[in-house]
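So this block is start.txt, compact mmCIF, C-alpha atoms:
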# COMPACT_ATOMS: atom_id res chain seq x y z
CA MET A 1 -11.26 1.30 23.49
CA LYS A 2 -8.28 -1.01 23.54
CA THR A 3 -7.51 0.15 20.00
CA ILE A 4 -7.26 3.71 21.25
CA GLN A 5 -4.93 2.60 24.02
CA TYR A 6 -2.72 0.75 21.57
CA VAL A 7 -2.65 3.79 19.32
CA ALA A 8 -1.69 5.96 22.29
CA VAL A 9 1.17 3.69 23.25
CA ALA A 10 2.32 3.38 19.64
CA ALA A 11 2.22 7.15 19.23
CA ALA A 12 4.24 7.61 22.39
CA LEU A 13 6.87 5.16 21.21
CA MET A 14 6.95 6.80 17.79
CA ILE A 15 7.35 10.23 19.34
CA GLY A 16 10.12 8.89 21.54
CA SER A 17 11.95 7.38 18.59
CA LEU A 18 11.70 10.65 16.65
CA ALA A 19 13.50 12.44 19.44
CA MET A 20 16.06 9.67 19.94
CA PRO A 21 19.69 10.81 19.65
CA LYS A 22 22.00 9.15 17.17
CA ARG A 23 24.66 8.60 19.79
CA ALA A 24 24.65 8.07 23.49
CA HIS A 25 24.56 11.23 25.52
CA ALA A 26 24.02 12.31 29.09
CA GLN A 27 20.60 13.61 28.09
CA LEU A 28 18.06 11.19 26.81
CA PHE A 29 17.13 13.44 23.90
CA PRO A 30 19.74 16.22 23.68
CA ASN A 31 18.10 17.94 20.74
CA GLY A 32 14.56 16.96 21.50
CA TYR A 33 11.94 16.52 24.12
CA VAL A 34 9.08 14.24 25.06
CA ASN A 35 6.16 15.22 27.27
CA VAL A 36 3.72 12.83 28.87
CA ASP A 37 0.99 14.75 30.65
CA TRP A 38 -2.18 14.26 32.56
CA GLN A 39 -4.65 16.67 31.05
CA PHE A 40 -7.55 18.56 32.60
CA ASN A 41 -9.92 19.68 29.87
CA ALA A 42 -12.87 22.06 30.14
CA THR A 43 -15.39 22.69 27.41
CA VAL A 44 -16.34 26.29 26.68
CA ASP A 45 -19.71 27.49 25.45
CA ASN A 46 -21.05 23.96 25.53
CA ASP A 47 -23.87 22.78 27.80
CA PHE A 48 -23.87 19.25 26.48
CA VAL A 49 -21.31 18.08 29.04
CA GLU A 50 -19.81 19.21 32.32
CA LYS A 51 -17.32 22.04 32.08
CA GLY A 52 -14.27 20.33 33.48
CA SER A 53 -12.87 16.82 33.48
CA GLY A 54 -9.59 15.24 34.41
CA TRP A 55 -10.03 12.23 32.13
CA GLY A 56 -7.35 13.13 29.65
CA LEU A 57 -3.81 12.55 28.49
CA ASN A 58 -1.35 14.36 26.25
CA LEU A 59 1.66 12.87 24.50
CA GLU A 60 4.02 14.92 22.42
CA GLY A 61 7.60 15.09 21.34
CA GLY A 62 9.81 16.97 18.98
CA GLY A 63 13.24 18.17 18.10
CA TYR A 64 14.85 21.59 18.52
CA LEU A 65 16.20 23.07 15.33
CA GLY A 66 19.18 25.22 14.34
CA MET A 67 22.01 26.58 16.39
CA SER A 68 19.86 28.42 18.87
CA GLN A 69 17.94 25.29 19.83
CA ARG A 70 14.94 27.39 20.78
CA PHE A 71 12.42 26.44 18.12
CA ALA A 72 11.06 22.91 18.03
CA LEU A 73 8.82 20.95 15.72
CA GLY A 74 7.15 17.69 16.59
CA LEU A 75 4.07 15.56 16.83
CA PHE A 76 1.36 15.30 19.44
CA MET A 77 -1.69 13.30 20.36
CA SER A 78 -4.05 13.84 23.25
CA TYR A 79 -7.46 12.75 24.35
CA SER A 80 -10.08 13.81 26.83
CA THR A 81 -13.54 12.85 27.97
CA ASN A 82 -16.19 15.17 29.39
CA ASN A 83 -19.43 13.68 30.71
CA LYS A 84 -22.63 15.00 32.24
CA TYR A 85 -25.76 13.51 33.80
CA VAL A 86 -28.94 15.11 32.46
CA PRO A 87 -32.03 14.59 34.63
CA ARG A 88 -35.26 13.26 33.15
CA GLN A 89 -36.88 15.68 30.74
CA THR A 90 -38.98 15.69 27.61
CA LEU A 91 -37.12 16.51 24.42
CA VAL A 92 -39.00 17.72 21.38
CA LEU A 93 -37.12 16.03 18.57
CA ASN A 94 -39.07 17.70 15.79
CA ASN A 95 -42.60 18.92 15.28
CA GLN A 96 -43.94 15.40 15.67
CA ALA A 97 -41.78 13.34 18.01
CA ALA A 98 -41.01 13.63 21.72
CA LEU A 99 -38.71 11.66 24.00
CA THR A 100 -38.83 11.56 27.79
CA THR A 101 -35.79 10.13 29.54
CA ASP A 102 -32.78 10.95 31.64
CA GLN A 103 -29.39 10.76 29.97
CA GLN A 104 -25.67 10.51 30.37
CA HIS A 105 -23.89 12.75 27.90
CA SER A 106 -20.33 12.26 26.77
CA ILE A 107 -17.88 14.01 24.47
CA PHE A 108 -14.66 12.18 23.69
CA GLN A 109 -11.98 14.02 21.70
CA ILE A 110 -8.69 12.89 20.19
CA PRO A 111 -6.76 15.72 18.55
CA PHE A 112 -3.46 14.85 16.91
CA GLY A 113 -1.05 16.41 14.46
CA ALA A 114 1.94 18.73 14.44
CA THR A 115 3.22 20.85 17.28
CA ALA A 116 5.64 23.74 17.40
CA ARG A 117 7.12 25.63 20.34
CA PHE A 118 9.57 28.41 21.05
CA ARG A 119 11.35 28.38 24.38
CA MET A 120 12.39 31.70 25.83
CA LEU A 121 15.16 30.22 27.99
CA ARG A 122 17.44 27.31 27.38
CA GLY A 123 19.50 25.29 29.82
CA SER A 124 17.96 26.82 32.93
CA LEU A 125 15.82 25.32 35.66
CA PHE A 126 12.70 26.81 34.10
CA GLU A 127 12.27 26.80 30.36
CA PRO A 128 9.10 28.73 29.55
CA TYR A 129 7.74 28.45 26.04
CA ILE A 130 4.91 29.39 23.76
CA GLY A 131 3.61 26.97 21.20
CA ALA A 132 0.81 25.86 18.98
CA LYS A 133 -0.68 22.62 17.83
CA VAL A 134 -2.32 22.11 14.45
CA GLY A 135 -3.95 18.98 13.18
CA THR A 136 -7.19 17.09 13.11
CA VAL A 137 -9.54 16.05 15.86
CA TYR A 138 -11.80 13.03 16.09
CA SER A 139 -14.79 13.36 18.36
CA LYS A 140 -17.46 10.99 19.55
CA ILE A 141 -20.52 12.68 21.01
CA ALA A 142 -22.90 10.32 22.74
CA SER A 143 -26.09 10.18 24.74
CA TYR A 144 -26.77 7.14 26.90
CA TYR A 145 -30.38 6.62 27.97
CA SER A 146 -32.44 3.62 28.97
CA THR A 147 -30.73 0.74 27.16
CA VAL A 148 -29.64 2.91 24.26
CA GLU A 149 -26.36 4.53 23.27
CA LEU A 150 -26.95 7.12 20.57
CA TYR A 151 -23.78 8.65 19.20
CA GLY A 152 -22.27 10.53 16.33
CA GLU A 153 -18.66 10.67 15.19
CA SER A 154 -17.01 13.53 13.38
CA TRP A 155 -13.64 14.83 12.26
CA GLY A 156 -12.56 18.44 12.26
CA PHE A 157 -9.63 20.78 11.86
CA TYR A 158 -7.84 21.46 15.14
CA VAL A 159 -5.75 24.39 16.34
CA ALA A 160 -4.50 25.02 19.88
CA PRO A 161 -2.22 27.80 21.12
CA GLU A 162 -0.38 26.96 24.30
CA ILE A 163 1.91 28.37 26.95
CA GLY A 164 3.96 26.23 29.26
CA VAL A 165 7.14 25.66 31.14
CA SER A 166 9.52 22.75 31.37
CA ILE A 167 11.08 22.42 34.80
CA MET A 168 14.48 20.71 34.71
CA PRO A 169 15.79 20.13 38.24
CA PHE A 170 18.00 17.19 37.33
CA GLY A 171 20.66 18.92 35.28
CA ASP A 172 22.12 17.06 32.33
CA THR A 173 19.80 14.10 32.61
CA GLY A 174 17.16 15.96 30.65
CA MET A 175 14.51 14.66 33.01
CA GLY A 176 12.03 17.08 34.45
CA PHE A 177 8.46 18.19 34.70
CA HIS A 178 6.09 19.93 32.39
CA VAL A 179 3.19 22.33 33.00
CA ALA A 180 1.12 23.93 30.25
CA ALA A 181 -2.14 25.72 29.63
CA TYR A 182 -3.96 25.67 26.31
CA TYR A 183 -6.95 26.69 24.32
CA GLY A 184 -8.11 24.26 21.67
CA TYR A 185 -10.67 24.57 18.94
CA GLY A 186 -12.02 21.87 16.67
CA THR A 187 -14.35 22.56 13.78
CA ASN A 188 -16.43 19.46 14.51
CA ASP A 189 -20.19 19.80 14.11
CA GLN A 190 -22.60 17.24 15.48
CA LYS A 191 -26.32 16.88 16.01
CA ILE A 192 -27.74 14.34 18.38
CA LEU A 193 -31.34 14.16 19.59
CA SER A 194 -32.35 17.80 20.05
CA TYR A 195 -28.78 18.95 20.72
CA SER A 196 -26.61 20.72 18.20
CA ILE A 197 -22.88 21.22 18.73
CA ASN A 198 -21.13 23.63 16.42
CA GLY A 199 -17.41 23.55 17.07
CA LEU A 200 -15.52 22.21 20.06
CA ASN A 201 -14.04 24.94 22.25
CA ASN A 202 -11.75 23.75 25.02
CA VAL A 203 -9.43 25.21 27.61
CA GLY A 204 -7.30 23.20 29.95
CA PHE A 205 -3.99 22.54 31.54
CA ARG A 206 -1.45 19.75 31.54
CA VAL A 207 0.87 18.46 34.19
CA GLY A 208 3.39 15.77 33.46
CA ILE A 209 6.92 14.67 32.94
CA SER A 210 9.45 15.89 30.43
CA PHE A 211 12.57 14.23 29.16
CA MET B 212 16.37 4.03 31.74
CA LYS B 213 14.83 4.26 28.29
CA LYS B 214 12.90 1.07 28.83
CA LEU B 215 11.64 2.46 32.10
CA ILE B 216 10.43 5.60 30.34
CA TYR B 217 8.61 3.61 27.68
CA VAL B 218 6.97 1.52 30.37
CA LEU B 219 5.97 4.73 32.14
CA ILE B 220 4.49 6.13 28.95
CA GLY B 221 2.59 2.93 28.40
CA LEU B 222 1.22 2.91 31.92
CA LEU B 223 0.09 6.51 31.65
CA ALA B 224 -1.58 5.85 28.32
CA LEU B 225 -3.37 2.82 29.63
CA SER B 226 -4.48 4.53 32.83
CA SER B 227 -6.15 7.42 31.08
CA CYS B 228 -8.48 6.52 28.27
CA ARG B 229 -12.04 7.31 27.35
CA HIS B 230 -14.16 7.42 30.44
CA GLU B 231 -17.62 6.21 29.53
CA PRO B 232 -20.35 7.58 31.77
CA GLU B 233 -21.91 5.33 34.36
CA THR B 234 -25.23 4.12 33.02
CA SER B 235 -25.93 2.76 36.50
CA ASP B 236 -26.49 6.39 37.50
CA LEU B 237 -29.56 6.58 35.26
CA ASP B 238 -32.86 6.66 37.13
CA ASN B 239 -33.98 3.26 35.75
CA LYS B 240 -37.37 4.58 34.77
CA PHE B 241 -38.64 3.75 31.32
CA MET B 242 -37.91 6.02 28.40
CA VAL B 243 -40.97 7.21 26.51
CA TYR B 244 -40.89 8.03 22.81
CA THR B 245 -43.95 9.22 20.92
CA ASN B 246 -44.57 10.27 17.36
CA HIS B 247 -47.66 11.04 15.31
CA ASP B 248 -49.08 11.93 11.94
CA HIS B 249 -48.72 15.68 11.83
CA SER B 250 -51.69 16.01 9.48
CA ALA B 251 -54.08 14.11 11.75
CA ASN B 252 -56.81 16.12 13.50
CA PHE B 253 -57.68 14.05 16.51
CA ALA B 254 -60.62 16.32 17.38
CA THR B 255 -62.54 14.73 14.49
CA PHE B 256 -62.56 11.35 16.26
CA SER B 257 -64.93 10.47 19.10
CA THR B 258 -64.77 6.80 20.05
CA PHE B 259 -61.99 4.29 20.54
CA TYR B 260 -61.65 0.56 21.01
CA VAL B 261 -58.96 -1.36 22.91
CA PRO B 262 -58.54 -5.16 22.77
CA ASP B 263 -58.72 -6.87 26.15
CA SER B 264 -55.22 -8.30 25.88
CA ILE B 265 -51.68 -7.32 24.95
CA LEU B 266 -49.85 -9.09 22.15
CA LEU B 267 -46.63 -10.73 23.32
CA ILE B 268 -43.92 -10.56 20.69
CA SER B 269 -41.58 -13.50 21.09
CA ASN B 270 -39.93 -16.28 19.14
CA SER B 271 -43.06 -18.36 19.36
CA PRO B 272 -44.64 -19.22 15.98
CA GLU B 273 -48.08 -18.89 17.58
CA ALA B 274 -49.60 -15.59 18.67
CA GLU B 275 -49.42 -15.18 22.45
CA TYR B 276 -51.32 -12.70 24.55
CA TRP B 277 -50.76 -11.18 27.97
CA THR B 278 -54.08 -11.21 29.77
CA ASP B 279 -53.48 -11.26 33.52
CA ALA B 280 -54.19 -8.51 36.05
CA GLY B 281 -50.94 -6.74 35.19
CA ALA B 282 -51.96 -6.52 31.55
CA GLN B 283 -55.35 -5.17 32.58
CA GLN B 284 -53.67 -2.39 34.60
CA VAL B 285 -51.70 -1.37 31.52
CA ILE B 286 -54.81 -1.45 29.28
CA ASP B 287 -56.76 0.52 31.88
CA ALA B 288 -54.05 3.20 31.79
CA TYR B 289 -54.69 3.67 28.06
CA VAL B 290 -58.44 3.79 28.57
CA THR B 291 -58.14 6.33 31.39
CA ASN B 292 -55.83 8.59 29.42
CA MET B 293 -57.96 8.44 26.28
CA THR B 294 -61.07 9.18 28.32
CA ASN B 295 -59.34 12.11 29.99
CA LYS B 296 -58.48 13.38 26.52
CA GLY B 297 -62.18 13.49 25.67
CA PHE B 298 -62.59 10.24 23.73
CA THR B 299 -65.25 7.65 24.52
CA LEU B 300 -64.57 3.96 24.96
CA THR B 301 -66.73 1.63 22.95
CA ASN B 302 -66.92 -2.14 23.14
CA ASP B 303 -68.06 -2.35 19.53
CA LYS B 304 -64.99 -2.45 17.33
CA ALA B 305 -67.07 -1.80 14.21
CA MET B 306 -68.34 1.46 15.69
CA ALA B 307 -64.98 2.78 16.89
CA ASP B 308 -63.24 5.73 15.23
CA LEU B 309 -59.85 4.84 16.66
CA GLY B 310 -58.24 1.56 17.62
CA ILE B 311 -55.41 1.06 20.10
CA GLN B 312 -53.11 -1.91 19.63
CA ILE B 313 -50.63 -2.72 22.38
CA SER B 314 -47.69 -5.11 22.09
CA TYR B 315 -45.05 -6.13 24.57
CA VAL B 316 -41.56 -7.46 23.96
CA LYS B 317 -39.38 -8.92 26.69
CA SER B 318 -35.81 -9.45 25.64
CA THR B 319 -33.03 -11.11 27.57
CA TYR B 320 -29.46 -10.15 26.81
CA TYR B 321 -26.56 -12.36 27.79
CA LEU B 322 -23.10 -10.99 28.37
CA ALA B 323 -19.75 -12.47 29.20
CA ASP B 324 -17.47 -10.56 31.54
CA TYR B 325 -14.39 -11.16 33.61
CA THR B 326 -15.08 -8.46 36.16
CA TYR B 327 -18.76 -8.48 37.03
CA GLN B 328 -19.23 -9.04 40.74
CA TYR B 329 -22.06 -11.37 41.55
CA TRP B 330 -24.58 -9.76 43.79
CA TRP B 331 -24.23 -12.48 46.41
CA TRP B 332 -20.67 -11.39 47.06
CA GLY B 333 -22.21 -8.55 49.02
CA TYR B 334 -24.59 -10.79 50.92
CA PRO B 335 -24.08 -10.47 54.69
CA GLY B 336 -21.99 -13.37 55.88
CA TYR B 337 -21.00 -14.51 52.42
CA TRP B 338 -17.45 -15.79 52.21
CA GLY B 339 -15.17 -12.83 51.90
CA ALA B 340 -11.78 -13.31 50.31
CA GLY B 341 -10.33 -12.17 53.63
CA TYR B 342 -11.67 -15.30 55.28
CA TRP B 343 -8.99 -17.30 53.55
CA GLY B 344 -6.16 -14.91 54.13
CA PRO B 345 -4.86 -11.45 53.27
CA TRP B 346 -6.41 -11.13 49.81
CA GLY B 347 -7.35 -7.49 50.13
CA GLY B 348 -8.39 -7.21 46.50
CA GLY B 349 -11.33 -9.53 46.97
CA TRP B 350 -12.55 -12.13 44.55
CA TYR B 351 -11.97 -12.38 40.87
CA TYR B 352 -12.77 -14.95 38.19
CA PRO B 353 -9.84 -15.75 35.88
CA TYR B 354 -12.37 -16.98 33.29
CA PRO B 355 -15.43 -15.33 31.80
CA ILE B 356 -18.66 -15.55 33.76
CA TYR B 357 -22.03 -14.98 32.22
CA TYR B 358 -24.91 -12.83 33.32
CA SER B 359 -28.03 -11.45 31.78
CA TYR B 360 -30.40 -8.53 31.97
CA GLU B 361 -33.96 -8.19 30.83
CA VAL B 362 -35.41 -5.33 28.88
CA GLY B 363 -39.09 -4.65 28.43
CA SER B 364 -40.54 -2.74 25.49
CA LEU B 365 -44.16 -1.70 25.18
CA LEU B 366 -45.27 -0.68 21.71
CA SER B 367 -48.64 0.98 21.24
CA GLU B 368 -50.30 2.45 18.19
CA ILE B 369 -53.50 4.33 17.54
CA VAL B 370 -54.95 3.47 14.16
CA ASP B 371 -57.55 5.36 12.14
CA LEU B 372 -60.57 3.08 11.79
CA GLN B 373 -62.36 5.71 9.70
CA ALA B 374 -59.85 5.32 6.89
CA PRO B 375 -61.14 3.91 3.59
CA GLN B 376 -61.28 0.13 3.59
CA GLY B 377 -60.56 -2.28 0.79
CA GLU B 378 -58.01 -4.72 -0.56
CA ALA B 379 -55.80 -1.95 -1.83
CA GLN B 380 -56.22 0.33 1.19
CA GLN B 381 -53.78 0.71 4.07
CA LEU B 382 -54.61 1.36 7.71
CA PRO B 383 -52.96 4.59 8.88
CA VAL B 384 -51.16 4.63 12.23
CA LEU B 385 -51.85 8.11 13.61
CA TRP B 386 -49.90 7.86 16.84
CA THR B 387 -47.19 5.58 18.14
CA SER B 388 -45.56 5.16 21.51
CA TYR B 389 -42.42 3.24 22.38
CA ILE B 390 -41.67 2.57 26.04
CA ASN B 391 -38.43 0.83 26.91
CA GLY B 392 -36.35 0.09 29.98
CA LEU B 393 -34.63 -2.39 32.21
CA LEU B 394 -36.97 -4.71 34.05
CA ASP B 395 -36.99 -5.03 37.80
CA ALA B 396 -37.20 -8.40 39.52
CA SER B 397 -40.57 -7.34 40.91
CA GLN B 398 -43.50 -7.57 38.51
CA GLU B 399 -45.42 -5.03 40.59
CA VAL B 400 -42.63 -2.50 40.19
CA ASN B 401 -42.50 -3.15 36.46
CA ILE B 402 -46.26 -2.67 36.04
CA SER B 403 -46.15 0.53 38.09
CA GLU B 404 -43.30 1.87 35.96
CA VAL B 405 -45.10 0.94 32.75
CA VAL B 406 -48.31 2.65 33.87
CA ASP B 407 -46.33 5.79 34.72
CA ALA B 408 -44.72 5.63 31.29
CA VAL B 409 -48.09 5.23 29.57
CA ASN B 410 -49.33 8.30 31.41
CA GLN B 411 -46.22 10.16 30.28
CA SER B 412 -46.77 9.12 26.67
CA PHE B 413 -50.14 10.92 26.71
CA ALA B 414 -48.80 13.86 28.70
CA GLN B 415 -46.18 14.56 26.04
CA SER B 416 -48.80 14.33 23.27
CA PRO B 417 -50.93 17.47 23.81
CA TYR B 418 -52.27 17.31 20.25
CA LEU B 419 -53.94 13.98 21.06
CA LYS B 420 -57.31 15.25 22.32
CA LYS B 421 -60.95 15.51 21.36
Would it be possible to restate this file's structure as structure tokens?
Amino acid sequence: MKTIQYVAVAAALMIGSLAMPKRAHAQLFPNGYVNVDWQFNATVDNDFVEKGSGWGLNLEGGGYLGMSQRFALGLFMSYSTNNKYVPRQTLVLNNQAALTTDQQHSIFQIPFGATARFRMLRGSLFEPYIGAKVGTVYSKIASYYSTVELYGESWGFYVAPEIGVSIMPFGDTGMGFHVAAYYGYGTNDQKILSYSINGLNNVGFRVGISF
Amino acid sequence: MKKLIYVLIGLLALSSCRHEPETSDLDNKFMVYTNHDHSANFATFSTFYVPDSILLISNSPEAEYWTDAGAQQVIDAYVTNMTNKGFTLTNDKAMADLGIQISYVKSTYYLADYTYQYWWWGYPGYWGAGYWGPWGGGWYYPYPIYYSYEVGSLLSEIVDLQAPQGEAQQLPVLWTSYINGLLDASQEVNISEVVDAVNQSFAQSPYLKK
């Protein structure tokens, strides 16, 4: 787990350095942005875990291109955990085996890759945008029961359209807030015990800071 | 300002990582796993034999057996369930169609942790950190402390005593059950939980009947 935390911090620093200006300026990143968000993620069409969970984070940053400064490209990384307690039941694992236990289910996801956005307004208090993220997603799907942790790991292709708004109440400082809503899909497939997960559908929102 | 932002990013990243589910929320009853030979027709068997003791699997080089009243309760649970399934207990091993072998493993796991709170910290009247002054955060150990937990596993197998015998022959295991869970400090509670789990192992094996 500490490795993931180190990766998150390193990614944030890398994203920050990508958006770093060459010369000092009133704004921290005059041609770029960095978002650090708390993320609420809900799984869709998936009974393995609870629908919604606030155990998540999103880090992203990029630079605006061209004269219009409306289109940006960058990098992102986020992660989320959704858990669920499953009361004691008997699972038929195949034609021969059966398992009776209660369980704690968990799905942990880390999508990361490239992000793009187009902001409809520039230089105003509210800068609404539409965007999309494309990359890969690592997932760990686990069942905890008795003294056992049974888990499977998988990688998949990830795509996530997004709408959001940057709120910039502090003028030239470039500091502000960020709100976004997204849908994310990963192609990850996983089988564990008698459960089969075909694709990871997620919706959620993010609230954080922007600079 | 930039340093402050990086620190903020770091704090946010550290404060929101994978949230593993609380295994303490599990019901602490034993898990029961069963499997069987799909080609076996249990209706063709009539009698069964059970040894009067349970094999203890440990690091000891000598075979050890669990024979006290608790062991007898566990063995009786197997006899009762087999009888309810239509099989007949026999005390003559040579005449039995099926044999039941039961083994028990008790394992102790030792962990080192910096954060585990000893249970006696919650004991009424035990020294609270507040006794010494305004340490609202309570106690902590700046060095690793060690604790342990015990896990019990009951392994049982039904073997086919009608199978061909001989030097080159193997004894088929027709049914197997694996019961596993954390042990309570009370032996009575543990035996009760094991008996419930044995009953469950037969309940989830509807094919196992005369």
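Residues in contact with A:Pro87 at 10 Å, where only C-alpha atoms are counted and same-chain residues fewer than 4 positions away are skipped, are listed as Thr101, Asp102, Gln103 and Gln104 of chain A; Leu237 and Asp238 of chain B.
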Based on the selection just made, write C-alpha atoms of those residues as a PDB file, keeping the file's coordinate frame.
ATOM      1  CA  THR A 101     -35.790  10.130  29.540  1.00  0.00           C
ATOM      2  CA  ASP A 102     -32.780  10.950  31.640  1.00  0.00           C
ATOM      3  CA  GLN A 103     -29.390  10.760  29.970  1.00  0.00           C
ATOM      4  CA  GLN A 104     -25.670  10.510  30.370  1.00  0.00           C
TER       5      GLN A 104
ATOM      6  CA  LEU B 237     -29.560   6.580  35.260  1.00  0.00           C
ATOM      7  CA  ASP B 238     -32.860   6.660  37.130  1.00  0.00           C
TER       8      ASP B 238
END
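Excluding A:Ile197 itself and any same-chain residue fewer than 3 positions from it, the protein and nucleic acid residues within 8 Å of it, counting only C-alpha atoms, are Asn46, Asn188, Asp189, Gln190, Lys191 and Leu200 of chain A.
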Save the residues we just selected, C-alpha atoms, as a PDB file, in the frame of the given file?
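Writing done, so here's selection_37.pdb:
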ATOM      1  CA  ASN A  46     -21.050  23.960  25.530  1.00  0.00           C
ATOM      2  CA  ASN A 188     -16.430  19.460  14.510  1.00  0.00           C
ATOM      3  CA  ASP A 189     -20.190  19.800  14.110  1.00  0.00           C
ATOM      4  CA  GLN A 190     -22.600  17.240  15.480  1.00  0.00           C
ATOM      5  CA  LYS A 191     -26.320  16.880  16.010  1.00  0.00           C
ATOM      6  CA  LEU A 200     -15.520  22.210  20.060  1.00  0.00           C
TER       7      LEU A 200
END
Original post:
Which residues, protein or nucleic acid, reach to within 12 Å of (-32.6, 13.1, 28.6) in the file's coordinates when using all atoms listed in the file, and can you give that as a ChimeraX atom specification?
Top reply: /A:48,84-93,98-105,142-146,148-150,192-195 /B:237-238,240-244
**OP:** Name the closest residue to chain A among the candidates B:Ser397, B:Thr278, B:Thr299, B:Thr387; distances are taken between atoms, counting only C-alpha atoms.
**Re:** B:Thr387
Near stretch 307-318 of chain B, counting all atoms listed in the file, which residues have an atom at most 10 Å away, once you skip same-chain residues fewer than 2 positions from it, shown as an mmCIF file with C-alpha atoms, in the frame of the given file?
data_model
loop_
_atom_site.group_PDB
_atom_site.id
_atom_site.type_symbol
_atom_site.label_atom_id
_atom_site.label_comp_id
_atom_site.auth_asym_id
_atom_site.auth_seq_id
_atom_site.Cartn_x
_atom_site.Cartn_y
_atom_site.Cartn_z
ATOM 1 C CA PHE B 253 -57.680 14.050 16.510
ATOM 2 C CA THR B 255 -62.540 14.730 14.490
ATOM 3 C CA PHE B 256 -62.560 11.350 16.260
ATOM 4 C CA SER B 257 -64.930 10.470 19.100
ATOM 5 C CA THR B 258 -64.770 6.800 20.050
ATOM 6 C CA PHE B 259 -61.990 4.290 20.540
ATOM 7 C CA TYR B 260 -61.650 0.560 21.010
ATOM 8 C CA VAL B 261 -58.960 -1.360 22.910
ATOM 9 C CA PRO B 262 -58.540 -5.160 22.770
ATOM 10 C CA ASP B 263 -58.720 -6.870 26.150
ATOM 11 C CA SER B 264 -55.220 -8.300 25.880
ATOM 12 C CA ILE B 265 -51.680 -7.320 24.950
ATOM 13 C CA LEU B 266 -49.850 -9.090 22.150
ATOM 14 C CA LEU B 267 -46.630 -10.730 23.320
ATOM 15 C CA ILE B 268 -43.920 -10.560 20.690
ATOM 16 C CA SER B 269 -41.580 -13.500 21.090
ATOM 17 C CA TYR B 276 -51.320 -12.700 24.550
ATOM 18 C CA TRP B 277 -50.760 -11.180 27.970
ATOM 19 C CA ALA B 282 -51.960 -6.520 31.550
ATOM 20 C CA VAL B 285 -51.700 -1.370 31.520
ATOM 21 C CA ILE B 286 -54.810 -1.450 29.280
ATOM 22 C CA TYR B 289 -54.690 3.670 28.060
ATOM 23 C CA VAL B 290 -58.440 3.790 28.570
ATOM 24 C CA MET B 293 -57.960 8.440 26.280
ATOM 25 C CA PHE B 298 -62.590 10.240 23.730
ATOM 26 C CA THR B 299 -65.250 7.650 24.520
ATOM 27 C CA LEU B 300 -64.570 3.960 24.960
ATOM 28 C CA THR B 301 -66.730 1.630 22.950
ATOM 29 C CA ASN B 302 -66.920 -2.140 23.140
ATOM 30 C CA ASP B 303 -68.060 -2.350 19.530
ATOM 31 C CA LYS B 304 -64.990 -2.450 17.330
ATOM 32 C CA ALA B 305 -67.070 -1.800 14.210
ATOM 33 C CA TYR B 320 -29.460 -10.150 26.810
ATOM 34 C CA TYR B 321 -26.560 -12.360 27.790
ATOM 35 C CA TYR B 360 -30.400 -8.530 31.970
ATOM 36 C CA GLU B 361 -33.960 -8.190 30.830
ATOM 37 C CA VAL B 362 -35.410 -5.330 28.880
ATOM 38 C CA GLY B 363 -39.090 -4.650 28.430
ATOM 39 C CA SER B 364 -40.540 -2.740 25.490
ATOM 40 C CA LEU B 365 -44.160 -1.700 25.180
ATOM 41 C CA LEU B 366 -45.270 -0.680 21.710
ATOM 42 C CA SER B 367 -48.640 0.980 21.240
ATOM 43 C CA GLU B 368 -50.300 2.450 18.190
ATOM 44 C CA ILE B 369 -53.500 4.330 17.540
ATOM 45 C CA VAL B 370 -54.950 3.470 14.160
ATOM 46 C CA ASP B 371 -57.550 5.360 12.140
ATOM 47 C CA LEU B 372 -60.570 3.080 11.790
ATOM 48 C CA GLN B 373 -62.360 5.710 9.700
ATOM 49 C CA ALA B 374 -59.850 5.320 6.890
ATOM 50 C CA VAL B 384 -51.160 4.630 12.230
ATOM 51 C CA LEU B 385 -51.850 8.110 13.610
ATOM 52 C CA TRP B 386 -49.900 7.860 16.840
ATOM 53 C CA THR B 387 -47.190 5.580 18.140
ATOM 54 C CA SER B 388 -45.560 5.160 21.510
ATOM 55 C CA TYR B 389 -42.420 3.240 22.380
ATOM 56 C CA ILE B 390 -41.670 2.570 26.040
ATOM 57 C CA ASN B 391 -38.430 0.830 26.910
ATOM 58 C CA LEU B 393 -34.630 -2.390 32.210
ATOM 59 C CA LEU B 394 -36.970 -4.710 34.050
#
